[in-house]
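What follows is the content of model_17.cif (mmCIF, C-alpha atoms (C1' of nucleotides)).
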```
data_query
#
loop_
_atom_site.label_atom_id
_atom_site.label_comp_id
_atom_site.auth_asym_id
_atom_site.auth_seq_id
_atom_site.Cartn_x
_atom_site.Cartn_y
_atom_site.Cartn_z
CA MET A 1 22.97 -38.08 23.58
CA ALA A 2 21.51 -40.65 21.24
CA LEU A 3 23.31 -43.99 21.50
CA SER A 4 22.41 -43.90 25.19
CA HIS A 5 18.73 -43.91 24.24
CA ALA A 6 19.14 -46.87 21.93
CA ILE A 7 20.75 -48.75 24.81
CA LEU A 8 18.00 -47.77 27.26
CA VAL A 9 15.35 -48.99 24.82
CA THR A 10 17.10 -52.35 24.57
CA LEU A 11 17.32 -52.57 28.36
CA LEU A 12 13.55 -52.06 28.63
CA ASP A 13 13.22 -55.68 27.54
CA LYS A 14 15.41 -57.15 30.25
CA PRO A 15 18.67 -56.48 32.15
CA GLN A 16 21.72 -57.20 30.04
CA THR A 17 25.52 -56.96 29.99
CA GLY A 18 27.49 -54.74 27.62
CA TYR A 19 28.47 -57.84 25.72
CA ASP A 20 24.84 -58.94 25.28
CA LEU A 21 23.88 -55.46 24.12
CA GLY A 22 26.62 -55.51 21.51
CA LYS A 23 25.32 -58.74 20.04
CA ARG A 24 21.65 -57.85 20.14
CA PHE A 25 22.43 -54.52 18.50
CA ASP A 26 23.65 -56.36 15.44
CA GLN A 27 20.36 -58.20 15.11
CA THR A 28 17.59 -55.83 16.16
CA VAL A 29 18.10 -52.10 16.63
CA GLY A 30 21.39 -52.49 14.80
CA PHE A 31 19.84 -51.95 11.42
CA PHE A 32 18.86 -48.44 12.49
CA TRP A 33 21.73 -47.73 14.84
CA ARG A 34 25.15 -49.32 14.73
CA ALA A 35 27.63 -49.24 17.64
CA SER A 36 30.94 -50.85 18.52
CA HIS A 37 31.53 -52.60 21.84
CA GLN A 38 33.91 -49.87 23.07
CA GLN A 39 31.22 -47.30 22.55
CA ILE A 40 28.66 -49.38 24.40
CA TYR A 41 30.91 -49.98 27.42
CA SER A 42 31.84 -46.33 27.80
CA GLU A 43 28.23 -45.26 27.34
CA LEU A 44 27.13 -47.68 30.07
CA HIS A 45 29.64 -46.13 32.49
CA LYS A 46 28.34 -42.64 31.74
CA MET A 47 24.73 -43.73 32.15
CA ALA A 48 25.51 -45.43 35.46
CA ASN A 49 26.91 -42.08 36.64
CA CYS A 50 23.73 -40.32 35.54
CA GLY A 51 21.67 -42.92 37.40
CA TRP A 52 19.82 -44.12 34.31
CA VAL A 53 21.08 -47.69 34.74
CA SER A 54 22.49 -49.67 37.63
CA GLY A 55 25.12 -52.36 37.14
CA GLN A 56 25.54 -55.52 39.19
CA ALA A 57 28.73 -57.60 38.93
CA VAL A 58 28.27 -61.36 38.58
CA GLU A 59 31.25 -63.50 39.55
CA GLN A 60 32.18 -66.26 37.16
CA SER A 61 34.84 -68.94 37.39
CA ALA A 62 36.98 -69.54 34.34
CA ARG A 63 35.31 -66.62 32.57
CA PRO A 64 35.65 -62.87 32.90
CA ASN A 65 33.08 -61.48 35.33
CA ARG A 66 29.91 -60.08 33.82
CA ILE A 67 28.30 -56.76 34.75
CA VAL A 68 24.54 -56.93 34.29
CA TYR A 69 22.90 -53.55 33.74
CA GLU A 70 19.30 -52.80 34.58
CA ILE A 71 17.29 -49.69 33.64
CA THR A 72 16.28 -47.51 36.61
CA GLU A 73 13.13 -45.47 37.12
CA ALA A 74 15.08 -42.35 36.11
CA GLY A 75 16.13 -44.19 32.96
CA ARG A 76 12.52 -45.00 32.10
CA GLN A 77 11.56 -41.37 32.48
CA THR A 78 14.44 -40.36 30.24
CA VAL A 79 13.12 -42.68 27.53
CA GLN A 80 9.61 -41.25 27.87
CA ALA A 81 10.82 -37.66 27.57
CA TRP A 82 13.08 -38.48 24.63
CA ALA A 83 10.29 -40.25 22.73
CA ARG A 84 8.19 -37.09 23.01
CA GLU A 85 10.90 -35.00 21.29
CA ASP A 86 10.94 -34.57 17.54
CA SER A 87 13.29 -36.98 15.78
CA PRO A 88 15.89 -35.37 13.54
CA ALA A 89 15.84 -36.52 9.92
CA PRO A 90 17.94 -39.66 9.55
CA SER A 91 21.57 -38.87 8.73
CA VAL A 92 22.78 -40.57 5.58
CA LYS A 93 26.31 -41.33 4.40
CA GLU A 94 26.03 -43.02 1.02
CA GLU A 95 29.53 -43.29 -0.38
CA LEU A 96 28.42 -45.23 -3.47
CA LEU A 97 26.10 -42.42 -4.51
CA VAL A 98 28.87 -39.85 -4.11
CA LYS A 99 31.00 -41.97 -6.45
CA LEU A 100 28.21 -41.93 -9.01
CA PHE A 101 28.54 -38.15 -9.14
CA ALA A 102 32.03 -38.67 -10.53
CA LEU A 103 30.80 -41.04 -13.25
CA GLY A 104 32.28 -38.84 -15.97
CA THR A 105 35.83 -39.26 -14.64
CA VAL A 106 35.67 -42.76 -13.23
CA ASP A 107 35.98 -46.19 -14.88
CA LYS A 108 32.46 -47.38 -15.64
CA LYS A 109 33.37 -51.08 -15.35
CA VAL A 110 34.48 -50.56 -11.75
CA MET A 111 31.24 -48.79 -10.89
CA VAL A 112 29.20 -51.64 -12.37
CA GLU A 113 31.10 -54.11 -10.16
CA ARG A 114 30.47 -51.97 -7.09
CA ILE A 115 26.75 -51.81 -7.82
CA GLU A 116 26.58 -55.56 -8.43
CA HIS A 117 28.25 -56.09 -5.07
CA ARG A 118 25.76 -53.77 -3.39
CA LEU A 119 22.92 -55.66 -5.05
CA GLU A 120 24.13 -58.93 -3.53
CA GLU A 121 24.27 -57.36 -0.06
CA HIS A 122 20.67 -56.15 -0.41
CA ARG A 123 19.51 -59.59 -1.56
CA GLY A 124 21.26 -61.31 1.32
CA ARG A 125 19.71 -59.07 3.94
CA LEU A 126 16.28 -59.33 2.33
CA VAL A 127 16.37 -63.14 2.53
CA HIS A 128 17.38 -62.89 6.19
CA TYR A 129 14.64 -60.38 7.07
CA ARG A 130 12.00 -62.48 5.34
CA GLU A 131 13.08 -65.51 7.35
CA VAL A 132 12.80 -63.57 10.60
CA MET A 133 9.38 -62.33 9.47
CA ALA A 134 8.10 -65.83 8.67
CA LYS A 135 9.47 -67.23 11.92
CA HIS A 136 8.53 -64.52 14.41
CA TYR A 137 5.63 -62.64 12.82
CA PRO A 138 3.53 -65.11 10.83
CA LYS A 139 0.30 -63.34 11.82
CA PRO A 140 1.06 -59.60 11.95
CA ASP A 141 -2.51 -58.39 12.61
CA LYS A 142 -2.73 -59.39 16.27
CA LEU A 143 0.32 -58.19 18.18
CA THR A 144 1.10 -56.57 21.53
CA ALA A 145 2.25 -52.93 21.33
CA ASN A 146 5.82 -53.97 22.00
CA ARG A 147 5.92 -56.56 19.26
CA ARG A 148 4.07 -54.27 16.85
CA GLY A 149 6.91 -51.75 17.12
CA ARG A 150 9.49 -54.40 16.27
CA TYR A 151 7.32 -55.70 13.46
CA LEU A 152 7.18 -52.23 11.91
CA GLY A 153 10.95 -51.95 12.20
CA LEU A 154 11.35 -55.19 10.33
CA ARG A 155 8.87 -54.01 7.67
CA MET A 156 11.00 -50.89 7.19
CA GLY A 157 14.04 -53.11 6.71
CA ILE A 158 12.27 -55.23 4.10
CA LEU A 159 10.93 -52.23 2.18
CA SER A 160 14.37 -50.59 2.19
CA GLU A 161 16.10 -53.67 0.83
CA GLU A 162 13.49 -54.10 -1.88
CA THR A 163 13.95 -50.48 -2.91
CA GLY A 164 17.72 -50.88 -2.87
CA ILE A 165 17.43 -53.92 -5.15
CA ARG A 166 15.13 -52.08 -7.56
CA TRP A 167 17.54 -49.15 -7.74
CA CYS A 168 20.59 -51.35 -8.34
CA GLU A 169 18.83 -53.18 -11.16
CA GLU A 170 17.79 -49.90 -12.72
CA ALA A 171 21.30 -48.48 -12.38
CA LEU A 172 22.92 -51.56 -13.94
CA LEU A 173 20.53 -51.31 -16.88
CA ALA A 174 21.32 -47.62 -17.34
CA LEU A 175 25.08 -48.32 -17.30
CA SER A 176 25.03 -51.20 -19.80
CA MET B 1 38.89 -39.57 4.71
CA ALA B 2 35.49 -39.35 3.10
CA LEU B 3 34.13 -35.82 3.15
CA SER B 4 37.28 -34.83 1.28
CA HIS B 5 36.26 -37.13 -1.56
CA ALA B 6 32.77 -35.67 -1.73
CA ILE B 7 34.38 -32.24 -2.06
CA LEU B 8 36.81 -33.41 -4.74
CA VAL B 9 33.93 -34.87 -6.74
CA THR B 10 32.10 -31.56 -6.60
CA LEU B 11 35.26 -29.71 -7.69
CA LEU B 12 35.52 -31.97 -10.76
CA ASP B 13 32.70 -29.88 -12.25
CA LYS B 14 34.40 -26.52 -11.86
CA PRO B 15 36.59 -24.55 -9.40
CA GLN B 16 34.59 -23.27 -6.45
CA THR B 17 34.90 -21.48 -3.11
CA GLY B 18 34.12 -23.08 0.25
CA TYR B 19 30.96 -21.02 0.36
CA ASP B 20 29.80 -22.28 -3.04
CA LEU B 21 30.54 -25.86 -2.02
CA GLY B 22 28.44 -25.46 1.12
CA LYS B 23 25.44 -24.32 -0.89
CA ARG B 24 25.76 -26.90 -3.67
CA PHE B 25 26.13 -29.63 -1.08
CA ASP B 26 22.64 -28.89 0.15
CA GLN B 27 21.19 -29.36 -3.31
CA THR B 28 23.18 -32.15 -4.99
CA VAL B 29 25.51 -34.48 -3.13
CA GLY B 30 23.91 -33.22 0.07
CA PHE B 31 21.22 -35.83 0.02
CA PHE B 32 23.90 -38.52 0.34
CA TRP B 33 26.42 -36.59 2.35
CA ARG B 34 25.72 -33.64 4.61
CA ALA B 35 28.40 -31.22 5.82
CA SER B 36 28.54 -27.91 7.69
CA HIS B 37 30.53 -24.93 6.41
CA GLN B 38 33.12 -25.22 9.19
CA GLN B 39 33.84 -28.78 8.16
CA ILE B 40 34.19 -27.79 4.51
CA TYR B 41 36.61 -24.94 5.23
CA SER B 42 38.86 -27.01 7.47
CA GLU B 43 38.78 -29.90 5.00
CA LEU B 44 39.81 -27.55 2.17
CA HIS B 45 42.83 -26.41 4.20
CA LYS B 46 43.90 -30.00 4.81
CA MET B 47 43.48 -30.89 1.16
CA ALA B 48 45.48 -27.87 0.06
CA ASN B 49 48.31 -29.14 2.31
CA CYS B 50 48.08 -32.58 0.69
CA GLY B 51 48.22 -30.94 -2.73
CA TRP B 52 44.84 -32.28 -3.85
CA VAL B 53 43.44 -28.78 -4.43
CA SER B 54 45.00 -25.37 -4.98
CA GLY B 55 43.37 -22.18 -3.74
CA GLN B 56 43.52 -18.76 -5.38
CA ALA B 57 42.43 -15.65 -3.48
CA VAL B 58 40.16 -13.24 -5.37
CA GLU B 59 40.08 -9.66 -4.06
CA GLN B 60 36.66 -8.12 -3.72
CA SER B 61 35.62 -4.67 -2.67
CA ALA B 62 32.81 -4.34 -0.12
CA ARG B 63 32.72 -8.14 0.27
CA PRO B 64 34.99 -10.58 2.06
CA ASN B 65 37.60 -11.96 -0.32
CA ARG B 66 36.85 -15.28 -1.93
CA ILE B 67 39.24 -18.22 -2.16
CA VAL B 68 38.55 -20.24 -5.28
CA TYR B 69 39.71 -23.86 -5.06
CA GLU B 70 40.60 -25.97 -8.07
CA ILE B 71 41.25 -29.70 -8.15
CA THR B 72 44.86 -30.65 -9.00
CA GLU B 73 46.14 -33.60 -10.99
CA ALA B 74 47.01 -35.33 -7.69
CA GLY B 75 43.43 -34.69 -6.58
CA ARG B 76 42.06 -36.32 -9.72
CA GLN B 77 44.20 -39.39 -9.14
CA THR B 78 42.97 -39.57 -5.55
CA VAL B 79 39.37 -39.64 -6.81
CA GLN B 80 40.18 -42.40 -9.30
CA ALA B 81 41.86 -44.57 -6.65
CA TRP B 82 39.05 -43.97 -4.16
CA ALA B 83 36.36 -44.90 -6.68
CA ARG B 84 38.10 -48.23 -7.22
CA GLU B 85 37.86 -49.09 -3.51
CA ASP B 86 34.87 -50.93 -2.12
CA SER B 87 32.27 -48.64 -0.59
CA PRO B 88 31.33 -49.41 3.01
CA ALA B 89 27.65 -50.10 3.60
CA PRO B 90 25.80 -46.82 4.16
CA SER B 91 25.70 -45.87 7.83
CA VAL B 92 22.20 -45.30 9.11
CA LYS B 93 20.99 -43.39 12.17
CA GLU B 94 17.22 -43.71 12.28
CA GLU B 95 16.09 -42.32 15.60
CA LEU B 96 12.39 -42.74 14.82
CA LEU B 97 12.82 -46.46 14.33
CA VAL B 98 14.67 -46.78 17.64
CA LYS B 99 11.70 -45.09 19.31
CA LEU B 100 9.38 -47.63 17.74
CA PHE B 101 11.26 -50.34 19.61
CA ALA B 102 10.01 -48.75 22.82
CA LEU B 103 6.39 -48.76 21.65
CA GLY B 104 5.30 -50.77 24.67
CA THR B 105 6.42 -48.09 27.12
CA VAL B 106 5.77 -44.96 25.09
CA ASP B 107 2.62 -42.95 24.44
CA LYS B 108 1.13 -44.19 21.17
CA LYS B 109 -0.49 -40.86 20.31
CA VAL B 110 2.90 -39.14 20.34
CA MET B 111 4.36 -41.77 18.06
CA VAL B 112 1.51 -41.31 15.59
CA GLU B 113 2.20 -37.58 15.48
CA ARG B 114 5.91 -38.19 14.88
CA ILE B 115 5.16 -40.54 11.99
CA GLU B 116 2.68 -38.10 10.47
CA HIS B 117 5.36 -35.42 10.63
CA ARG B 118 7.86 -37.72 8.96
CA LEU B 119 5.30 -38.50 6.25
CA GLU B 120 4.97 -34.80 5.44
CA GLU B 121 8.75 -34.43 5.14
CA HIS B 122 8.88 -37.34 2.70
CA ARG B 123 6.06 -35.88 0.62
CA GLY B 124 7.72 -32.47 0.48
CA ARG B 125 11.05 -33.84 -0.70
CA LEU B 126 9.36 -36.11 -3.24
CA VAL B 127 7.56 -33.14 -4.83
CA HIS B 128 10.86 -31.27 -5.00
CA TYR B 129 12.77 -34.19 -6.55
CA ARG B 130 10.05 -34.72 -9.15
CA GLU B 131 10.26 -31.06 -10.14
CA VAL B 132 14.03 -31.29 -10.55
CA MET B 133 13.53 -34.45 -12.59
CA ALA B 134 10.96 -32.86 -14.91
CA LYS B 135 13.08 -29.75 -15.33
CA HIS B 136 16.55 -31.21 -15.79
CA TYR B 137 16.03 -34.77 -16.96
CA PRO B 138 12.92 -34.87 -19.17
CA LYS B 139 14.52 -37.46 -21.48
CA PRO B 140 16.60 -39.78 -19.31
CA ASP B 141 17.59 -42.26 -22.03
CA LYS B 142 20.18 -40.09 -23.80
CA LEU B 143 22.60 -38.61 -21.28
CA THR B 144 26.34 -38.01 -20.99
CA ALA B 145 28.12 -40.23 -18.43
CA ASN B 146 28.38 -37.32 -16.02
CA ARG B 147 24.69 -36.47 -16.18
CA ARG B 148 23.70 -40.13 -16.02
CA GLY B 149 25.41 -40.41 -12.63
CA ARG B 150 23.46 -37.46 -11.28
CA TYR B 151 20.26 -38.79 -12.81
CA LEU B 152 20.73 -42.09 -10.98
CA GLY B 153 21.33 -40.23 -7.74
CA LEU B 154 18.07 -38.39 -8.18
CA ARG B 155 16.28 -41.66 -8.96
CA MET B 156 17.60 -43.09 -5.70
CA GLY B 157 16.21 -40.06 -3.90
CA ILE B 158 12.78 -40.49 -5.48
CA LEU B 159 12.63 -44.23 -4.77
CA SER B 160 13.68 -43.66 -1.14
CA GLU B 161 11.01 -41.05 -0.54
CA GLU B 162 8.33 -43.22 -2.12
CA THR B 163 9.34 -46.10 0.11
CA GLY B 164 9.37 -43.83 3.14
CA ILE B 165 5.83 -42.69 2.34
CA ARG B 166 4.61 -46.24 1.88
CA TRP B 167 6.12 -47.27 5.21
CA CYS B 168 4.62 -44.30 7.09
CA GLU B 169 1.15 -45.04 5.71
CA GLU B 170 1.48 -48.68 6.68
CA ALA B 171 2.70 -47.76 10.17
CA LEU B 172 -0.15 -45.30 10.74
CA LEU B 173 -2.64 -47.96 9.72
CA ALA B 174 -1.08 -50.49 12.09
CA LEU B 175 -1.20 -48.00 14.99
CA SER B 176 -4.81 -46.92 14.51
"C1'" DC C 1 47.82 -75.72 17.48
"C1'" DT C 2 45.02 -72.38 15.37
"C1'" DG C 3 41.35 -69.70 15.83
"C1'" DC C 4 36.95 -68.57 17.85
"C1'" DT C 5 33.84 -67.25 21.83
"C1'" DC C 6 33.26 -65.01 26.15
"C1'" DA C 7 33.95 -60.34 28.57
"C1'" DT C 8 35.81 -56.16 29.72
"C1'" DG C 9 38.46 -52.35 29.15
"C1'" DT C 10 42.31 -48.11 27.81
"C1'" DA C 11 44.36 -44.69 24.60
"C1'" DA C 12 44.91 -42.16 20.51
"C1'" DT C 13 42.88 -40.21 16.91
"C1'" DC C 14 39.52 -38.65 13.65
"C1'" DG C 15 35.18 -36.71 12.27
"C1'" DG C 16 31.32 -33.65 13.31
"C1'" DT C 17 28.52 -30.30 15.87
"C1'" DT C 18 27.79 -26.03 18.38
"C1'" DA C 19 28.93 -21.67 19.64
"C1'" DC C 20 31.20 -17.46 18.68
"C1'" DA C 21 33.29 -13.64 15.66
"C1'" DT C 22 33.41 -10.07 11.90
"C1'" DG C 23 31.35 -6.61 8.79
"C1'" DA C 24 29.51 -4.43 4.60
"C1'" DT C 25 25.27 -4.90 1.44
"C1'" DT C 26 20.73 -5.81 0.02
"C1'" DG C 27 15.89 -6.67 0.62
"C1'" DT C 28 11.20 -6.13 3.57
"C1'" DA D 1 14.80 -0.87 11.92
"C1'" DC D 2 15.63 -5.86 11.18
"C1'" DA D 3 16.91 -9.79 8.95
"C1'" DA D 4 19.18 -12.16 5.48
"C1'" DT D 5 23.12 -12.83 2.18
"C1'" DC D 6 27.98 -13.02 1.26
"C1'" DA D 7 32.48 -15.09 3.04
"C1'" DT D 8 35.71 -16.74 6.01
"C1'" DG D 9 37.34 -18.48 10.02
"C1'" DT D 10 38.60 -20.17 15.56
"C1'" DA D 11 37.75 -22.99 19.75
"C1'" DA D 12 35.59 -26.26 22.60
"C1'" DC D 13 33.47 -30.21 22.77
"C1'" DC D 14 31.18 -34.68 21.78
"C1'" DG D 15 30.80 -38.99 19.26
"C1'" DA D 16 32.85 -42.70 16.75
"C1'" DT D 17 36.57 -45.50 14.99
"C1'" DT D 18 40.94 -48.01 15.34
"C1'" DA D 19 44.38 -50.18 17.66
"C1'" DC D 20 45.92 -52.53 21.61
"C1'" DA D 21 45.51 -55.59 25.90
"C1'" DT D 22 44.17 -59.73 28.74
"C1'" DG D 23 43.19 -64.65 29.40
"C1'" DA D 24 40.57 -68.97 30.02
"C1'" DG D 25 38.01 -72.62 27.46
"C1'" DC D 26 36.47 -75.13 23.52
"C1'" DA D 27 35.94 -76.81 18.58
"C1'" DG D 28 38.03 -78.30 14.28
#
```
What does the file become when written as structure tokens?
Amino acid sequence: MALSHAILVTLLDKPQTGYDLGKRFDQTVGFFWRASHQQIYSELHKMANCGWVSGQAVEQSARPNRIVYEITEAGRQTVQAWAREDSPAPSVKEELLVKLFALGTVDKKVMVERIEHRLEEHRGRLVHYREVMAKHYPKPDKLTANRRGRYLGLRMGILSEETGIRWCEEALLALS
Amino acid sequence: MALSHAILVTLLDKPQTGYDLGKRFDQTVGFFWRASHQQIYSELHKMANCGWVSGQAVEQSARPNRIVYEITEAGRQTVQAWAREDSPAPSVKEELLVKLFALGTVDKKVMVERIEHRLEEHRGRLVHYREVMAKHYPKPDKLTANRRGRYLGLRMGILSEETGIRWCEEALLALS
DNA sequence: CTGCTCATGTAATCGGTTACATGATTGT
DNA sequence: ACAATCATGTAACCGATTACATGAGCAG
């Protein structure tokens, strides 16, 4: 289990529906853990069976009904125990880097284009992260524990993008 | 398909057995794409059916027989076509960062220990990468296309570890 | 009138992990 | 004596992706 924990952590904030979780995932935890809506819904059902969350249907007119999930005491304890465990090294799947290993056999022009494209993605995300930083964490020295965790996550995002940009620039230089 | 391509790329170098591939994966492409031996064997069977590789059994006395796989012309074309495609953004699963999002509810001391442990892992890998760099790429300006690709992969590894170290140090400071 | 947002789900399939199996040889 | 290395595989399971389905309301 692993996605389940990411969901529990998000539910610590406040009760949410599967739909809400899907959207928030894309903005916050999503950088470190991606999940599709199907996965989230099925995981919520499983967790409700385990008693880690409890769902409450909310009737709506002219809209599909919502099911708001709340973390239970058992769920909180699960999070605590999980946080105490050692985290496995992050799993990486970097297709672009695998392609680089075939640089002898592959058209160099195409690789340059791919790296340029990657560079643009990094730049776009970096701009976005910096905006979030300026807006939500203008003074990062005095923060509650909760917000400090999120701040550090954002810092990781910014450092990663900067490194990605530096690597792309270096790679483009080496291939020219 | 994706692991199949990582295998094909490795076979571009020279024909190899599933066992060899498993070991080389841990050293080279393995940083960007991890795979267990079971996965590699079953993938090789599939690829042999597709005609991307051809296997040749080698009898051995007092050792299990080896099956040496070679990339075929069809396999080479598959690599070419795949390299031309756009690479999806790398998928990330960073459990430690997810835990940070629960910093309000979780024991801070435990988190500090986890980050210290992560820091040591980064430092260890960085030392190793720098040794490989000094040994195999002392003069990185004049390289064949093939070796330049691998060099850039190694550079990515070094930059990532350095960034990881910087982030861990920053996080430990923020949590003290 | 086209397409997007809200909101939940099923089914099929693929990719990956874990556990189990064999059996001689070499190193500590 | 015990563990590791070489070398290949099967089977069960879990996790993730892709495709498909529904259906009202609202904006361009």
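Minimum atom-to-atom distance to chain B, evaluated using all atoms listed in the file, belongs to A:Phe101 out of A:Tyr69, A:Phe101, A:Phe25, A:Tyr41.
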**Request:** Tell me the residues of chain B close to chain D, meaning within 9 Å using all atoms listed in the file, as number ranges by chain.
**Result:** B: 18-19, 38, 41, 63-66
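Proximity to Val112 of chain B was assessed for B:Leu100, B:Ile67, B:Ile40, B:Ile7 counting all atoms listed in the file; the smallest distance is recorded for B:Leu100.
For the file shown, the residue list from the PyMOL selection byres ((chain C) within 12 of (chain A)) reads DT5, DC6, DA7, DT8, DG9, DT10, DA11 and DG16 of chain C.
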**Request:** Evaluate the PyMOL selection byres ((chain A) within 7 of (chain B)) and record the selected residues as an NGL selection string, following the chain and residue labels used in the document.
**Result:** :A and (6 or 9 or 29 or 32-33 or 80 or 83-84 or 86-87 or 90-104 or 106 or 110 or 114 or 145-146 or 149-150 or 152-153 or 156 or 159 or 163 or 167 or 171)
**Request:** Kindly give the distance, in Å, that separates atom CA of His128 of chain B and atom CA of Lys23 of chain B, rounded to a single decimal.
**Result:** 16.7 Å
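With atom CA of Ala74 of chain B on one side and atom CA of Cys50 of chain B on the other, the separation reads 8.9 Å.
Closest approach to Glu70 of chain A among A:Ser176, A:Asn49, A:Gln16, A:Gln39: A:Gln16, based on all atoms listed in the file.
Interatomic distance, atom CA of Gly75 of chain B to atom CA of Val53 of chain B: 6.3 Å.
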